[in-house]
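**Student:** Supplied structure: protein.cif, mmCIF, C-alpha atoms.
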```cif
data_input
loop_
_atom_site.label_atom_id
_atom_site.label_comp_id
_atom_site.auth_asym_id
_atom_site.auth_seq_id
_atom_site.Cartn_x
_atom_site.Cartn_y
_atom_site.Cartn_z
CA MET U 233 0.00 0.00 0.00
CA LYS U 234 1.17 3.53 -0.81
CA PRO U 235 1.54 5.91 2.12
CA PRO U 236 -1.19 8.58 2.27
CA ALA U 237 -0.18 11.56 0.14
CA LYS U 238 -1.37 13.93 2.84
CA LEU U 239 1.13 12.48 5.30
CA PHE U 240 4.15 11.99 3.07
CA GLY U 241 3.51 14.23 0.07
CA TRP U 242 5.95 16.81 1.46
CA LEU U 243 8.69 14.18 1.29
CA ARG U 244 7.76 12.96 -2.19
CA ASP U 245 7.55 16.48 -3.66
CA ALA U 246 10.83 17.74 -2.22
CA PRO U 247 13.80 18.49 -4.53
CA PRO U 248 16.21 15.57 -5.01
CA ALA U 249 19.01 17.46 -3.23
CA SER U 250 16.82 17.86 -0.13
CA ARG U 251 15.92 14.19 -0.11
CA ARG U 252 19.57 13.16 -0.48
CA SER U 253 20.64 15.39 2.39
CA LEU U 254 17.91 13.92 4.59
CA LEU U 255 18.87 10.37 3.59
CA ALA U 256 22.57 11.01 4.29
CA ALA U 257 21.92 12.56 7.71
CA SER U 258 19.39 9.86 8.60
CA LEU U 259 21.68 6.99 7.64
CA GLY U 260 24.55 8.62 9.49
CA TRP U 261 22.44 9.01 12.64
CA MET U 262 21.02 5.48 12.33
CA LEU U 263 24.49 3.96 12.06
CA ASP U 264 25.74 6.23 14.85
CA SER U 265 23.04 4.72 17.06
CA PHE U 266 23.90 1.23 15.85
CA ASP U 267 27.57 1.64 16.77
CA VAL U 268 27.06 3.41 20.10
CA MET U 269 24.32 1.10 21.38
CA LEU U 270 26.27 -2.08 20.64
CA TYR U 271 28.03 -1.35 23.93
CA SER U 272 24.75 -1.35 25.84
CA MET U 273 23.62 -4.54 24.16
CA VAL U 274 26.69 -6.51 25.25
CA LEU U 275 27.21 -4.65 28.53
CA ALA U 276 26.27 -7.54 30.82
CA TYR U 277 28.78 -9.81 29.04
CA LEU U 278 31.52 -7.17 28.96
CA MET U 279 31.12 -6.68 32.70
CA LYS U 280 31.74 -10.37 33.25
CA ASP U 281 34.70 -10.80 30.87
CA LEU U 282 36.55 -7.58 31.78
CA GLY U 283 35.64 -7.66 35.48
CA MET U 284 33.67 -4.39 35.53
CA SER U 285 31.30 -3.34 38.30
CA LYS U 286 28.06 -1.46 37.52
CA ALA U 287 29.78 1.80 38.48
CA THR U 288 32.73 1.12 36.14
CA ALA U 289 30.39 0.12 33.31
CA GLY U 290 28.45 3.34 33.85
CA LEU U 291 31.68 5.35 33.93
CA MET U 292 32.60 3.89 30.54
CA GLY U 293 29.33 5.22 29.16
CA SER U 294 30.00 8.60 30.76
CA ILE U 295 33.45 8.79 29.14
CA THR U 296 31.87 8.22 25.74
CA LEU U 297 29.35 11.01 26.31
CA VAL U 298 32.01 13.50 27.41
CA ALA U 299 34.01 12.70 24.28
CA SER U 300 30.88 13.06 22.12
CA ALA U 301 30.33 16.53 23.55
CA ALA U 302 33.83 17.53 22.50
CA GLY U 303 33.21 15.97 19.09
CA GLY U 304 30.00 17.94 18.68
CA VAL U 305 31.73 21.25 19.35
CA ILE U 306 34.77 20.42 17.18
CA PHE U 307 32.77 19.15 14.21
CA GLY U 308 30.27 22.00 14.55
CA LEU U 309 33.16 24.40 13.93
CA VAL U 310 34.38 22.25 11.02
CA ALA U 311 30.88 22.21 9.51
CA ASP U 312 30.56 26.01 9.68
CA ARG U 313 33.99 26.64 8.18
CA MET U 314 34.61 23.74 5.79
CA GLY U 315 31.18 22.34 4.98
CA ARG U 316 28.38 20.21 6.38
CA THR U 317 29.11 17.14 4.23
CA LEU U 318 32.84 17.08 4.97
CA ALA U 319 32.15 17.15 8.72
CA LEU U 320 29.52 14.43 8.29
CA ARG U 321 31.89 12.14 6.39
CA ALA U 322 34.73 12.58 8.89
CA SER U 323 32.55 11.90 11.92
CA ILE U 324 31.06 8.72 10.41
CA LEU U 325 34.51 7.39 9.53
CA ILE U 326 35.82 8.00 13.05
CA TYR U 327 32.98 6.34 14.95
CA SER U 328 32.98 3.33 12.58
CA ILE U 329 36.67 2.59 12.97
CA PHE U 330 36.71 2.90 16.74
CA THR U 331 33.56 0.84 17.26
CA ALA U 332 35.32 -2.05 15.55
CA ALA U 333 38.41 -1.34 17.68
CA CYS U 334 36.33 -1.95 20.83
CA GLY U 335 36.24 -5.61 19.81
CA LEU U 336 40.02 -5.73 20.25
CA ALA U 337 39.98 -4.39 23.83
CA SER U 338 41.71 -6.67 26.32
CA SER U 339 41.40 -4.36 29.34
CA VAL U 340 39.17 -1.63 30.73
CA PRO U 341 41.70 1.19 30.01
CA MET U 342 42.07 0.05 26.40
CA LEU U 343 38.29 -0.04 25.99
CA ALA U 344 38.07 3.45 27.49
CA VAL U 345 40.50 4.85 24.88
CA PHE U 346 38.48 3.35 22.02
CA ARG U 347 35.22 4.69 23.50
CA VAL U 348 36.69 8.20 23.68
CA PHE U 349 37.45 8.27 19.95
CA LEU U 350 34.09 6.67 19.14
CA GLY U 351 32.44 9.44 21.15
CA LEU U 352 34.22 12.15 19.15
CA GLY U 353 32.70 10.85 15.93
CA MET U 354 29.31 10.26 17.53
CA GLY U 355 28.98 13.89 18.68
CA GLY U 356 30.17 15.26 15.37
CA GLU U 357 27.57 13.39 13.33
CA TRP U 358 24.57 15.04 14.98
CA ALA U 359 25.94 18.60 14.72
CA SER U 360 26.74 18.33 11.01
CA GLY U 361 23.69 16.24 10.08
CA ALA U 362 21.18 18.50 11.87
CA ALA U 363 22.61 21.60 10.18
CA LEU U 364 22.54 19.88 6.78
CA VAL U 365 18.86 18.91 7.10
CA SER U 366 17.78 22.22 8.66
CA GLU U 367 19.26 24.20 5.79
CA THR U 368 17.84 22.10 2.96
CA TRP U 369 14.19 21.99 4.11
CA PRO U 370 11.71 24.91 4.37
CA ALA U 371 10.25 26.06 7.68
CA GLU U 372 6.87 24.35 7.17
CA HIS U 373 8.52 20.94 6.78
CA ARG U 374 11.65 21.35 8.91
CA GLY U 375 10.18 19.68 11.99
CA LYS U 376 8.99 16.69 9.99
CA ALA U 377 12.31 16.32 8.17
CA LEU U 378 14.28 16.43 11.42
CA GLY U 379 11.77 13.98 12.88
CA VAL U 380 12.58 11.54 10.08
CA MET U 381 16.30 12.02 10.70
CA GLN U 382 15.91 11.53 14.45
CA SER U 383 13.68 8.46 14.02
CA SER U 384 16.57 6.66 12.35
CA TRP U 385 18.21 6.44 15.80
CA ALA U 386 15.54 3.91 16.80
CA VAL U 387 16.25 1.87 13.67
CA GLY U 388 19.95 1.79 14.52
CA TYR U 389 19.21 0.81 18.12
CA ALA U 390 16.98 -2.04 16.90
CA LEU U 391 19.69 -3.16 14.45
CA ALA U 392 22.17 -3.27 17.33
CA ALA U 393 19.77 -5.50 19.25
CA LEU U 394 19.24 -7.73 16.22
CA VAL U 395 22.97 -8.11 15.49
CA THR U 396 23.62 -8.93 19.15
CA ALA U 397 20.87 -11.56 19.18
CA VAL U 398 22.30 -13.24 16.07
CA ILE U 399 26.06 -12.75 16.45
CA TYR U 400 26.70 -12.92 20.21
CA PRO U 401 25.55 -16.55 20.77
CA TRP U 402 27.60 -17.59 17.75
CA LEU U 403 30.82 -15.53 17.92
CA GLY U 404 30.76 -13.56 21.19
CA TRP U 405 30.79 -9.87 22.03
CA ARG U 406 34.01 -9.03 20.17
CA ALA U 407 32.47 -10.00 16.83
CA VAL U 408 29.45 -7.81 17.65
CA PHE U 409 31.75 -4.77 17.78
CA PHE U 410 33.52 -5.76 14.55
CA PHE U 411 30.23 -5.29 12.71
CA GLY U 412 30.42 -1.63 13.73
CA VAL U 413 32.91 -0.82 10.96
CA LEU U 414 30.23 -1.21 8.25
CA PRO U 415 28.95 2.41 8.47
CA ALA U 416 32.27 3.60 7.04
CA LEU U 417 31.01 2.53 3.60
CA LEU U 418 28.41 5.33 3.73
CA VAL U 419 31.19 7.93 3.50
CA PHE U 420 31.84 7.15 -0.18
CA TRP U 421 28.19 7.71 -1.16
CA ILE U 422 27.97 11.03 0.73
CA GLN U 423 31.17 12.26 -0.94
CA THR U 424 29.76 11.78 -4.45
CA LYS U 425 26.00 12.33 -4.07
CA VAL U 426 25.30 14.90 -1.34
CA GLU U 427 25.77 18.62 -1.98
CA GLU U 428 26.42 21.43 0.45
CA PRO U 429 23.25 23.43 1.32
CA ALA U 430 22.73 26.44 -0.97
CA ILE U 431 22.28 28.80 1.99
CA TRP U 432 25.70 27.79 3.38
CA VAL U 433 27.41 28.12 -0.04
CA GLU U 434 25.88 31.57 -0.62
CA HIS U 435 26.89 32.71 2.84
CA ARG U 436 30.49 31.61 2.30
CA GLU U 437 30.59 33.38 -1.08
CA ARG U 438 29.31 36.61 0.45
CA GLU U 439 31.96 36.38 3.17
CA ALA U 440 34.70 35.83 0.59
CA LYS U 441 33.58 38.79 -1.56
CA ALA U 442 33.25 41.10 1.42
CA GLU U 443 36.67 40.00 2.71
CA THR U 444 35.51 40.63 6.25
CA ALA U 445 36.17 38.62 9.36
CA ARG U 446 33.55 36.13 10.41
CA PRO U 447 31.32 37.45 13.18
CA SER U 448 32.23 36.06 16.57
CA ILE U 449 29.80 33.98 18.57
CA ARG U 450 30.01 36.57 21.35
CA SER U 451 28.90 39.35 19.00
CA ILE U 452 25.76 37.40 18.03
CA ILE U 453 24.81 35.71 21.31
CA ARG U 454 23.85 38.62 23.52
CA GLY U 455 20.95 39.74 25.68
CA ARG U 456 17.84 37.61 25.46
CA LEU U 457 19.45 35.16 23.01
CA LEU U 458 22.23 34.51 25.51
CA GLY U 459 19.67 33.64 28.18
CA THR U 460 17.77 31.39 25.76
CA THR U 461 21.00 29.61 24.81
CA VAL U 462 21.74 28.89 28.46
CA LEU U 463 18.18 27.66 29.04
CA ILE U 464 18.04 25.26 26.09
CA THR U 465 21.47 23.91 27.04
CA ILE U 466 20.24 23.20 30.58
CA MET U 467 16.98 21.74 29.27
CA ASN U 468 18.84 19.50 26.84
CA ALA U 469 21.24 18.39 29.58
CA ALA U 470 18.28 17.24 31.68
CA THR U 471 16.65 15.32 28.82
CA LEU U 472 19.95 13.70 27.85
CA PHE U 473 20.57 12.75 31.49
CA GLY U 474 17.20 11.01 31.48
CA TRP U 475 17.69 9.36 28.10
CA TRP U 476 21.18 7.98 28.69
CA GLY U 477 20.48 7.10 32.30
CA LEU U 478 17.59 4.94 31.14
CA ASN U 479 18.65 3.60 27.73
CA LEU U 480 22.25 2.73 28.46
CA TRP U 481 21.05 0.59 31.36
CA ILE U 482 17.85 -0.94 29.91
CA PRO U 483 19.63 -3.86 28.14
CA GLY U 484 21.79 -4.51 31.21
CA TYR U 485 18.76 -4.24 33.52
CA LEU U 486 16.90 -6.80 31.43
CA SER U 487 19.94 -9.12 31.16
CA LEU U 488 21.39 -9.05 34.69
CA SER U 489 20.25 -11.82 37.01
CA ARG U 490 17.59 -11.19 39.64
CA ASP U 491 20.10 -11.41 42.47
CA GLN U 492 21.94 -8.53 40.75
CA GLY U 493 18.75 -6.47 40.61
CA GLY U 494 17.90 -7.25 36.98
CA ILE U 495 15.15 -9.22 35.24
CA GLY U 496 17.33 -12.18 34.20
CA LEU U 497 16.39 -12.52 30.52
CA SER U 498 18.43 -14.45 27.96
CA PRO U 499 20.26 -12.48 25.21
CA ARG U 500 17.54 -13.26 22.65
CA HIS U 501 14.65 -12.42 24.96
CA MET U 502 16.36 -9.21 26.03
CA SER U 503 16.97 -8.26 22.39
CA SER U 504 13.32 -8.95 21.57
CA LEU U 505 12.11 -6.56 24.27
CA VAL U 506 14.58 -3.89 23.14
CA ILE U 507 13.58 -4.24 19.48
CA PHE U 508 9.89 -3.96 20.42
CA MET U 509 10.75 -0.86 22.44
CA GLN U 510 12.39 0.71 19.38
CA ALA U 511 9.11 0.51 17.47
CA GLY U 512 7.70 2.99 19.99
CA MET U 513 10.85 5.11 19.78
CA PHE U 514 10.67 5.26 15.98
CA LEU U 515 7.02 6.34 16.02
CA GLY U 516 7.73 8.89 18.74
CA TYR U 517 10.48 10.55 16.74
CA LEU U 518 8.39 10.58 13.57
CA THR U 519 5.14 11.71 15.18
CA TYR U 520 6.77 14.55 17.08
CA GLY U 521 7.78 16.27 13.83
CA TYR U 522 4.20 16.33 12.54
CA ILE U 523 2.74 17.50 15.85
CA SER U 524 5.33 20.24 16.43
CA ASP U 525 4.94 21.61 12.89
CA ARG U 526 1.20 21.87 13.58
CA LEU U 527 0.98 22.85 17.28
CA GLY U 528 4.39 24.41 17.94
CA ARG U 529 7.70 23.38 19.47
CA LYS U 530 6.92 24.36 23.06
CA ARG U 531 3.58 22.66 23.71
CA THR U 532 4.65 19.43 22.00
CA TYR U 533 7.98 19.25 23.85
CA ILE U 534 6.37 19.78 27.27
CA ALA U 535 3.62 17.20 26.62
CA PHE U 536 6.15 14.53 25.61
CA LEU U 537 8.37 15.18 28.64
CA LEU U 538 5.52 15.02 31.14
CA CYS U 539 4.18 11.77 29.66
CA ALA U 540 7.71 10.30 29.71
CA ALA U 541 8.12 11.05 33.42
CA VAL U 542 4.82 9.36 34.32
CA LEU U 543 5.52 6.28 32.18
CA ILE U 544 9.05 5.79 33.55
CA ILE U 545 7.65 5.81 37.09
CA ALA U 546 5.25 3.07 36.00
CA TYR U 547 8.05 1.15 34.23
CA SER U 548 10.26 1.25 37.32
CA GLY U 549 7.51 -0.36 39.37
CA VAL U 550 6.99 -3.54 37.32
CA ARG U 551 9.18 -6.65 37.12
CA THR U 552 7.39 -9.11 34.86
CA PRO U 553 8.57 -9.45 31.23
CA THR U 554 4.98 -9.12 29.96
CA ALA U 555 4.44 -5.77 31.70
CA LEU U 556 7.84 -4.51 30.53
CA LEU U 557 7.03 -5.60 26.98
CA PHE U 558 3.76 -3.63 27.09
CA LEU U 559 5.11 -0.47 28.72
CA GLY U 560 8.43 -0.34 26.86
CA PRO U 561 7.17 1.11 23.54
CA PHE U 562 5.18 3.83 25.34
CA VAL U 563 8.19 4.79 27.45
CA ALA U 564 10.32 4.99 24.30
CA PHE U 565 7.64 6.92 22.35
CA PHE U 566 7.42 9.79 24.83
CA GLY U 567 10.87 9.42 26.40
CA THR U 568 12.72 9.97 23.12
CA GLY U 569 10.33 11.53 20.59
CA TYR U 570 10.98 15.08 21.80
CA PHE U 571 14.58 14.91 20.48
CA SER U 572 13.16 15.50 16.99
CA GLY U 573 12.35 19.02 18.14
CA PHE U 574 15.78 20.06 19.38
CA GLY U 575 17.34 20.32 15.93
CA ALA U 576 14.50 22.52 14.66
CA LEU U 577 14.53 24.71 17.78
CA SER U 578 18.28 25.35 17.67
CA ALA U 579 18.34 25.83 13.88
CA GLU U 580 15.58 28.44 14.08
CA LEU U 581 17.38 30.40 16.80
CA TYR U 582 20.78 30.94 15.14
CA PRO U 583 22.09 32.44 11.86
CA THR U 584 23.87 30.43 9.16
CA SER U 585 27.37 31.69 10.05
CA ILE U 586 27.31 29.97 13.47
CA ARG U 587 24.36 27.56 13.18
CA ALA U 588 26.26 24.25 13.23
CA THR U 589 28.66 25.54 15.88
CA LEU U 590 25.88 26.52 18.28
CA GLN U 591 23.74 23.50 17.48
CA GLY U 592 26.76 21.40 18.37
CA PHE U 593 27.45 23.53 21.45
CA THR U 594 23.95 23.53 22.95
CA TYR U 595 23.40 19.85 22.24
CA ASN U 596 26.80 18.60 23.31
CA ILE U 597 27.50 20.82 26.29
CA GLY U 598 24.22 19.42 27.54
CA ARG U 599 25.68 16.01 26.81
CA VAL U 600 28.75 16.79 28.96
CA VAL U 601 26.48 17.43 31.92
CA SER U 602 24.44 14.35 31.15
CA ALA U 603 27.60 12.25 30.96
CA VAL U 604 27.30 11.60 34.67
CA ALA U 605 23.99 9.80 34.06
CA PRO U 606 25.33 6.28 33.28
CA LEU U 607 27.65 6.47 36.30
CA VAL U 608 25.00 7.93 38.65
CA ILE U 609 22.28 5.48 37.57
CA GLY U 610 24.71 2.54 37.73
CA SER U 611 25.95 3.53 41.18
CA LEU U 612 22.40 4.13 42.46
CA ALA U 613 21.29 0.78 41.03
CA GLN U 614 24.20 -0.86 42.85
CA THR U 615 23.18 0.55 46.24
CA LYS U 616 19.41 1.20 46.02
CA GLY U 617 18.22 -0.91 43.10
CA PHE U 618 17.10 -0.10 39.57
CA GLY U 619 13.63 0.97 40.68
CA THR U 620 15.01 3.91 42.66
CA ALA U 621 17.58 4.70 39.94
CA PHE U 622 14.88 5.01 37.25
CA LEU U 623 12.87 7.38 39.46
CA LEU U 624 15.79 9.82 39.14
CA VAL U 625 15.39 9.56 35.35
CA ALA U 626 11.74 10.60 35.67
CA ALA U 627 12.75 13.58 37.82
CA ALA U 628 15.17 14.73 35.09
CA PHE U 629 12.33 14.81 32.54
CA LEU U 630 10.14 16.83 34.91
CA PHE U 631 12.95 19.34 35.41
CA ALA U 632 13.44 19.65 31.64
CA ALA U 633 9.72 20.35 31.14
CA ALA U 634 9.92 23.17 33.71
CA MET U 635 12.71 24.87 31.69
CA TRP U 636 10.26 25.43 28.81
CA ILE U 637 8.47 28.12 30.84
CA TRP U 638 11.21 30.53 29.63
CA ILE U 639 12.15 29.05 26.22
CA PRO U 640 10.49 30.88 23.27
CA GLU U 641 8.38 29.36 20.50
CA THR U 642 10.25 29.23 17.16
CA ARG U 643 7.83 27.40 14.84
CA GLY U 644 7.62 28.95 11.37
CA ARG U 645 10.81 31.04 11.53
CA ALA U 646 12.72 31.35 8.25
CA LEU U 647 16.46 30.68 8.46
CA ALA U 648 18.74 33.71 8.16
#
```
Turn this file's structure into structure tokens for me.
**Tutor:**
Amino acid sequence: MKPPAKLFGWLRDAPPASRRSLLAASLGWMLDSFDVMLYSMVLAYLMKDLGMSKATAGLMGSITLVASAAGGVIFGLVADRMGRTLALRASILIYSIFTAACGLASSVPMLAVFRVFLGLGMGGEWASGAALVSETWPAEHRGKALGVMQSSWAVGYALAALVTAVIYPWLGWRAVFFFGVLPALLVFWIQTKVEEPAIWVEHREREAKAETARPSIRSIIRGRLLGTTVLITIMNAATLFGWWGLNLWIPGYLSLSRDQGGIGLSPRHMSSLVIFMQAGMFLGYLTYGYISDRLGRKRTYIAFLLCAAVLIIAYSGVRTPTALLFLGPFVAFFGTGYFSGFGALSAELYPTSIRATLQGFTYNIGRVVSAVAPLVIGSLAQTKGFGTAFLLVAAAFLFAAAMWIWIPETRGRALA
């Protein structure tokens, strides 16, 4: 059956260059998710083979997030100065190579080094991809386009679960990581088929003709915009704390034995629950774009965050696989869908000259703060149990919703 024209006509009628940019960014983000979440999928087995405690395993996740924040800032600068597609290609190549390298780790310090470099590429992909999509789609479809891009994260997460279910029982966790090098092949297609956004090319040409210095971030971010930048960075830090605190530990929570505070599922049963959860995540990402383009960024963001907090409280209170299977997709729908709105919000706030830089900054500085989440949730689970640890995740979503009292509505703004 063909998809309803009313729902997807905007995608079908878009110029080929716009569709290619969306495909490139979406595939990059999907494979970013695939590579990063392989760690979560084999976490319980890594902990056993490398002798890691829950706190050490959480710290490893935190190290990756700190590195991804640095990568987001670095590649945001590269994207603004040298091009969106170049930054996208470089970030994909880096995270692919170092995901495969994780399969060679023979100690915790060695694994930590590989996760740092993986994180650099991971952070860079979002900054360059979000700018690329934002600048190639008009305001009335920007939320939907970024929703499609963001929804690919759920596909990558599900692929990580599927690969783990198939490969781990056969070849072990090292082979699971080796599959992470496959995204590097995408670089060659992007290099030949994806063009730089016209708005970025025109801006660079104007700068070259004028022979003037690029405006500094300080000269642009002043007054009310400075306050808004601080607020969205804090808001994003809270949502990322909640997301990573929950999602990095969900596979481990489902896999660890009951005497370790987990549910005690086999690798295949755990992967099945995670894959089912990603169906809700995918729909949440996709649906958010349509709703926010219709109702606005603010109201949609707040509604998703409040529903996520309530559902996580419910999720933390059940222990049976059937209840977790039922609640999981709803938790993922509301607990991740709002991320589709962050790219549109940040793109609509900043001018072309510094857009990728400040998208990378606001997203990834928030990620630095949230980097403590895997460690905090792991440590809290060690001492108080996963039920109490997941309640802290719900509190983070409630705090993020409160930040929107002061964040402005940006729906419908044309990019400058």
**Student:** Counting all atoms listed in the file, what is within 7 Å of U:Gly493, bar same-chain residues fewer than 2 positions away, as a list in words?
**Tutor:**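 Within the cut-off, the hits are Leu488, Ser489, Arg490, Asp491, Gly617 and Phe618 of chain U.
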**Student:** Residues near U:Val506, anyone? I mean within 9 Å using all atoms listed in the file, not counting same-chain ones fewer than 6 positions away, as a JSON list (two decimals) with C-alpha atoms, in the frame of the given file.
**Tutor:**
```json
[["chain", "number", "residue", "atom", "x", "y", "z"],
["U", 389, "TYR", "CA", 19.21, 0.81, 18.12],
["U", 390, "ALA", "CA", 16.98, -2.04, 16.90],
["U", 393, "ALA", "CA", 19.77, -5.50, 19.25],
["U", 482, "ILE", "CA", 17.85, -0.94, 29.91],
["U", 483, "PRO", "CA", 19.63, -3.86, 28.14],
["U", 557, "LEU", "CA", 7.03, -5.60, 26.98],
["U", 560, "GLY", "CA", 8.43, -0.34, 26.86],
["U", 561, "PRO", "CA", 7.17, 1.11, 23.54]]
```
**Student:** Give me, please, the distance in Å between atom CA of U:Ser504 and atom CA of U:Leu394, quoted to one decimal.
**Tutor:** 8.1 Å
**Student:** Taking all atoms listed in the file into account, name the residue in U:Arg316, U:Lys425, U:Arg526, U:Arg252 that is nearest to U:Arg587.
**Tutor:**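 Nearest to U:Arg587: U:Arg316.
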**Student:** Between U:Leu352, U:Ala276, U:Ala633, U:Val380, single out the one closest to U:Gly496, counting all atoms listed in the file.
**Tutor:**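 Going through U:Leu352, U:Ala276, U:Ala633, U:Val380 one by one, the smallest distance to U:Gly496 is for U:Ala276.
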**Student:** Mind giving me the axis-aligned box for stretch 567-583 of chain U with 4 Å on every side, centre plus edges in Å to one decimal, as JSON?
**Tutor:**
```
{"center_x": 16.2, "center_y": 20.9, "center_z": 19.1, "size_x": 19.8, "size_y": 31.0, "size_z": 22.5}
```
